[in-house]
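Everything below belongs to upload_24.csv, which stores CSV, C-alpha atoms.
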chain,number,residue,atom,x,y,z
A,19,MET,CA,142.4,48.6,83.3
A,20,LYS,CA,139.3,46.6,82.6
A,21,THR,CA,141.4,43.9,80.9
A,22,PHE,CA,143.9,43.8,83.8
A,23,ARG,CA,141.0,43.3,86.2
A,24,GLN,CA,139.5,40.5,84.1
A,25,LEU,CA,142.9,38.9,83.9
A,26,THR,CA,143.4,39.1,87.7
A,27,LEU,CA,139.9,37.6,88.2
A,28,GLY,CA,140.7,34.8,85.7
A,29,LEU,CA,143.9,33.9,87.5
A,30,ALA,CA,142.3,34.0,90.9
A,31,LEU,CA,139.4,31.7,89.8
A,32,ALA,CA,141.7,29.3,88.0
A,33,SER,CA,143.9,28.9,91.1
A,34,CYS,CA,140.9,28.4,93.4
A,35,PHE,CA,139.0,25.9,91.3
A,36,GLY,CA,141.9,23.8,90.1
A,37,SER,CA,141.2,20.3,91.5
A,38,ALA,CA,143.8,18.1,89.9
A,39,ASN,CA,147.4,17.5,91.0
A,40,ALA,CA,149.5,18.7,88.1
A,41,TYR,CA,150.5,22.1,86.8
A,42,ILE,CA,149.7,22.9,83.2
A,43,ASN,CA,152.7,23.4,80.8
A,44,ILE,CA,152.4,26.1,78.3
A,45,VAL,CA,154.6,25.5,75.3
A,46,PHE,CA,155.2,28.2,72.7
A,47,ASP,CA,155.8,26.8,69.2
A,48,TYR,CA,157.8,29.2,67.0
A,49,THR,CA,157.7,27.0,63.8
A,50,TYR,CA,155.7,29.7,61.9
A,51,ASP,CA,157.8,32.7,63.0
A,52,THR,CA,158.9,33.2,59.4
A,53,ASN,CA,159.7,36.9,59.9
A,54,ASN,CA,162.0,36.2,62.9
A,55,PHE,CA,159.9,38.4,65.0
A,56,PHE,CA,160.6,36.4,68.2
A,57,THR,CA,164.0,37.6,69.3
A,58,SER,CA,165.5,36.1,72.5
A,59,ASP,CA,164.1,39.0,74.5
A,60,ARG,CA,160.6,38.5,73.1
A,61,ARG,CA,160.8,34.8,73.7
A,62,ALA,CA,161.8,35.4,77.3
A,63,THR,CA,158.9,37.8,77.8
A,64,LEU,CA,156.4,35.1,76.4
A,65,GLU,CA,157.9,32.5,78.8
A,66,GLN,CA,157.4,34.9,81.7
A,67,ALA,CA,153.8,35.3,80.8
A,68,ALA,CA,153.4,31.5,80.6
A,69,THR,CA,155.0,31.1,84.0
A,70,ALA,CA,152.3,33.4,85.5
A,71,PHE,CA,149.8,30.7,84.6
A,72,GLU,CA,151.9,27.6,85.0
A,73,THR,CA,152.7,28.3,88.6
A,74,ARG,CA,149.0,28.9,89.5
A,75,ILE,CA,146.8,26.5,87.5
A,76,PHE,CA,146.3,22.9,88.4
A,77,ASP,CA,144.5,20.6,85.9
A,78,THR,CA,144.7,17.2,84.2
A,79,LEU,CA,144.5,17.5,80.5
A,80,ASP,CA,144.6,14.2,78.6
A,81,ALA,CA,147.3,13.8,76.0
A,82,ILE,CA,146.4,13.9,72.3
A,83,GLN,CA,148.3,11.2,70.4
A,84,SER,CA,147.7,11.0,66.7
A,85,THR,CA,148.2,7.8,64.8
A,86,PRO,CA,148.6,8.5,61.1
A,87,GLY,CA,145.9,6.4,59.2
A,88,GLY,CA,144.1,5.7,62.5
A,89,ASN,CA,143.2,8.2,65.3
A,90,SER,CA,144.4,11.5,64.0
A,91,ILE,CA,143.9,15.2,64.6
A,92,ALA,CA,144.7,18.1,62.4
A,93,LEU,CA,145.1,21.6,63.9
A,94,LYS,CA,143.9,24.5,61.8
A,95,LEU,CA,146.2,27.4,62.8
A,96,PHE,CA,146.7,30.5,60.8
A,97,GLU,CA,145.3,31.3,57.4
A,98,GLY,CA,146.2,28.3,55.2
A,99,VAL,CA,148.2,26.5,57.9
A,100,THR,CA,147.2,23.1,59.2
A,101,VAL,CA,149.3,20.7,61.3
A,102,GLU,CA,148.4,17.2,60.4
A,103,ASN,CA,148.6,14.2,62.9
A,104,ALA,CA,149.3,16.6,65.8
A,105,ASN,CA,150.4,15.3,69.2
A,106,ILE,CA,150.0,17.3,72.4
A,107,ALA,CA,151.5,16.0,75.7
A,108,LYS,CA,149.5,15.4,78.9
A,109,ASN,CA,148.8,18.7,80.7
A,110,GLU,CA,150.3,20.7,77.8
A,111,LEU,CA,148.8,23.7,76.1
A,112,ARG,CA,150.5,24.3,72.8
A,113,ILE,CA,150.5,27.9,71.6
A,114,TYR,CA,151.6,28.6,68.0
A,115,VAL,CA,152.9,32.2,67.6
A,116,ASN,CA,153.7,34.3,64.6
A,117,SER,CA,153.6,37.8,63.4
A,118,SER,CA,151.9,39.7,60.6
A,119,ASN,CA,151.6,43.3,59.4
A,120,SER,CA,148.2,43.6,60.9
A,121,GLN,CA,147.6,46.1,63.7
A,122,GLY,CA,147.7,44.9,67.3
A,123,LEU,CA,147.2,41.4,68.5
A,124,THR,CA,145.0,38.5,67.4
A,125,TYR,CA,144.5,35.2,69.1
A,126,SER,CA,142.2,32.2,69.0
A,127,GLU,CA,141.4,29.2,71.1
A,128,GLY,CA,142.3,26.1,69.3
A,129,LEU,CA,139.5,24.1,67.9
A,130,PRO,CA,140.6,20.7,66.4
A,131,VAL,CA,139.7,20.0,62.9
A,132,SER,CA,140.6,17.0,60.8
A,133,THR,CA,141.1,16.2,57.1
A,134,SER,CA,138.6,13.3,57.5
A,135,SER,CA,135.0,13.6,58.3
A,136,GLY,CA,134.8,12.2,61.8
A,137,GLN,CA,132.6,13.3,64.7
A,138,LYS,CA,133.2,16.9,65.5
A,139,GLY,CA,135.7,17.0,62.7
A,140,ILE,CA,138.0,14.5,64.3
A,141,ALA,CA,138.6,10.9,63.1
A,142,GLY,CA,138.9,8.1,65.6
A,143,ASP,CA,137.4,5.9,68.3
A,144,ASP,CA,135.4,7.3,71.2
A,145,ALA,CA,138.3,7.4,73.7
A,146,TYR,CA,140.4,9.3,71.2
A,147,LEU,CA,137.6,11.7,70.4
A,148,ASP,CA,137.2,12.5,74.1
A,149,ALA,CA,141.0,13.2,74.5
A,150,ALA,CA,141.2,15.3,71.4
A,151,TRP,CA,138.0,17.4,71.8
A,152,LYS,CA,137.7,17.8,75.6
A,153,ARG,CA,141.0,16.5,76.9
A,154,GLY,CA,139.2,14.4,79.6
A,155,GLN,CA,137.4,17.4,81.2
A,156,THR,CA,134.2,16.1,82.7
A,157,GLY,CA,132.5,19.5,82.9
A,158,TRP,CA,133.2,20.3,79.2
A,159,PRO,CA,131.9,22.6,77.7
A,160,ASP,CA,129.6,24.0,80.4
A,161,SER,CA,132.0,24.3,83.4
A,162,ASP,CA,135.4,23.4,82.1
A,163,VAL,CA,137.7,24.0,79.2
A,164,GLY,CA,139.6,21.3,77.4
A,165,THR,CA,141.5,23.1,74.6
A,166,TRP,CA,144.8,21.8,73.1
A,167,GLY,CA,146.0,25.4,73.0
A,168,GLY,CA,145.7,28.0,70.2
A,169,THR,CA,147.4,30.7,68.2
A,170,VAL,CA,148.6,34.2,68.9
A,171,THR,CA,149.6,36.6,66.1
A,172,PHE,CA,151.5,39.8,67.0
A,173,SER,CA,151.6,42.8,64.8
A,174,SER,CA,155.0,43.6,63.3
A,175,ASN,CA,153.8,47.1,62.6
A,176,VAL,CA,153.8,48.3,66.2
A,177,SER,CA,156.7,48.9,68.6
A,178,TRP,CA,156.7,46.1,71.3
A,179,TYR,CA,158.3,46.5,74.7
A,180,ALA,CA,159.9,43.1,75.6
A,181,ASP,CA,160.7,43.1,79.3
A,182,ASN,CA,163.3,40.6,80.4
A,183,ASP,CA,162.3,41.0,84.0
A,184,VAL,CA,158.6,41.7,84.6
A,185,SER,CA,159.1,42.1,88.4
A,186,THR,CA,160.7,45.6,87.7
A,187,VAL,CA,158.9,48.8,86.6
A,188,GLU,CA,160.2,50.7,83.6
A,189,SER,CA,158.8,53.4,81.4
A,190,PHE,CA,158.0,52.3,77.8
A,191,SER,CA,155.9,55.2,76.5
A,192,GLY,CA,154.7,54.8,73.0
A,193,GLN,CA,155.3,51.0,73.0
A,194,TRP,CA,152.9,48.1,73.4
A,195,ASP,CA,153.6,45.8,76.4
A,196,LEU,CA,154.4,42.4,75.0
A,197,TYR,CA,154.0,40.7,78.4
A,198,THR,CA,150.4,42.1,79.0
A,199,ALA,CA,149.4,41.3,75.5
A,200,THR,CA,150.6,37.7,75.8
A,201,LEU,CA,148.7,37.3,79.2
A,202,LYS,CA,145.5,38.5,77.5
A,203,GLY,CA,146.0,36.1,74.6
A,204,LEU,CA,146.6,33.2,77.0
A,205,VAL,CA,143.5,34.1,79.1
A,206,GLU,CA,141.3,34.1,75.9
A,207,ILE,CA,142.8,30.7,74.7
A,208,MET,CA,142.0,29.2,78.1
A,209,GLY,CA,138.4,30.1,77.8
A,210,VAL,CA,138.0,33.4,79.7
A,211,SER,CA,136.6,36.0,77.4
A,212,ASP,CA,135.7,39.6,77.5

So that I can check it, write out the structure of this file as structure tokens.
Amino acid sequence: MKTFRQLTLGLALASCFGSANAYINIVFDYTYDTNNFFTSDRRATLEQAATAFETRIFDTLDAIQSTPGGNSIALKLFEGVTVENANIAKNELRIYVNSSNSQGLTYSEGLPVSTSSGQKGIAGDDAYLDAAWKRGQTGWPDSDVGTWGGTVTFSSNVSWYADNDVSTVESFSGQWDLYTATLKGLVEIMGVSD
């Protein structure tokens, strides 16, 4: 219940303080779903969780455009996985998802790192560094979040309830609620912590 209250507060604050004129776009990237964990029902559940934020949060997040050999960003994702020369569209949060045999759910806000030794781990000119690290957020890091996104890893060892319509109420005793777990992961990635 505590988590649900924190989530509700986070959504309310985000919708009140959004000052720009664009909705954010949460994009789930299934590239590293090597276990085929994300069935169509599970993907639909994740998309519903994303919609809960996309229809409420206004912001303007600068695009991150890598130029191989010039301005570039590498995203450190899961253990041993790095995406080189990443590109993130304006107002997009990219969420890389996968599964493992760990228990429960793990998630992390994305911190950009680079293969070269630029300022804050990113190579490039000042305008690029600003876009890559803080996404144009003038209050960053004290009063605003400028993440590119992050990662969420779901345990394949637990039974997940994937709800294809979260507006209905069903009983799913003994299962983990995929929708609520995804909401919590997204809240953490966007900078609201316990």

Set the distance at 6 Å and use all atoms listed in the file: which residues neighbour Ala81 (chain A) once local chain neighbours fewer than 6 positions away are removed? I'd like the list as a tab-separated table (two decimals) with C-alpha atoms, in the frame of the given file.
chain	number	residue	atom	x	y	z
A	106	ILE	CA	150.00	17.30	72.40
A	107	ALA	CA	151.50	16.00	75.70
A	108	LYS	CA	149.50	15.40	78.90

Residues of region 29-100 of chain A at most 12 Å from region 178-202 of chain A: nearest atom pair and distance in Å, all atoms listed in the file, as CSV:
residue,atom,partner,partner_atom,distance
A:Leu29,CA,A:Leu201,CA,10.2
A:Ile44,CA,A:Leu201,CA,11.8
A:Phe46,CA,A:Thr200,CA,11.0
A:Phe55,CA,A:Trp178,CA,10.5
A:Phe56,CA,A:Ala180,CA,10.0
A:Thr57,CA,A:Ala180,CA,9.3
A:Ser58,CA,A:Asn182,CA,9.4
A:Asp59,CA,A:Ala180,CA,6.0
A:Arg60,CA,A:Ala180,CA,5.3
A:Arg61,CA,A:Ala180,CA,8.6
A:Ala62,CA,A:Asn182,CA,6.2
A:Thr63,CA,A:Tyr197,CA,5.7
A:Leu64,CA,A:Thr200,CA,6.4
A:Glu65,CA,A:Tyr197,CA,9.1
A:Gln66,CA,A:Val184,CA,7.5
A:Ala67,CA,A:Leu201,CA,5.7
A:Ala68,CA,A:Leu201,CA,7.6
A:Thr69,CA,A:Leu201,CA,10.1
A:Ala70,CA,A:Leu201,CA,8.2
A:Phe71,CA,A:Leu201,CA,8.6
A:Glu72,CA,A:Leu201,CA,11.7

- Message: Can you measure CA of Phe96 (chain A) to CA of Met208 (chain A) for me? One decimal in Å is fine.
- Response: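 So the two atoms, CA of Phe96 (chain A) and CA of Met208 (chain A), lie 18.0 Å apart.
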
- So which one's closest to Asp80 (chain A), A:Val99, A:Leu111, A:Val176, A:Val205? Using only C-alpha atoms, please.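 Nearest to Asp80 (chain A): A:Leu111.
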
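Counting only C-alpha atoms and comparing A:Ser177, A:Leu79, A:Leu95, A:Val101, the residue that lies closest to Lys152 (chain A) is A:Leu79.
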
- Have a look at CA of Glu110 (chain A) and CA of Asp51 (chain A) and let me know their distance in Å, one decimal.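 Interatomic distance, CA of Glu110 (chain A) to CA of Asp51 (chain A): 20.5 Å.
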
- Query: If you measure from CA of Ser90 (chain A) to CA of Glu102 (chain A), what distance in Å do you get, rounded to one decimal?
  - Reply: 7.8 Å

- Message: I need the residue nearest Ser173 (chain A) from this list: A:Ile75, A:Gly88, A:Asn109, A:Ser117. Use only C-alpha atoms for the distance.
- Response: A:Ser117

Exercise on region 172-190 of chain A, axis-aligned box with 5 Å per side, report centre and edge lengths in Å to one decimal, as JSON:
{"center_x": 157.4, "center_y": 46.6, "center_z": 75.5, "size_x": 21.8, "size_y": 23.6, "size_z": 35.8}

- Of the candidates A:Ala150, A:Leu93, A:Ala104, A:Ala40, which one gets nearest to Thr73 (chain A) if we count only C-alpha atoms?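 Checking each candidate against Thr73 (chain A), we get A:Ala40 as the closest.
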
- Task: May I have the residues at most 8 Å from (147.6, 9.3, 63.3) in the file's coordinates, counting all atoms listed in the file, as a VMD selection string?
- Result: chain A and resid 83 to 91 103 to 104
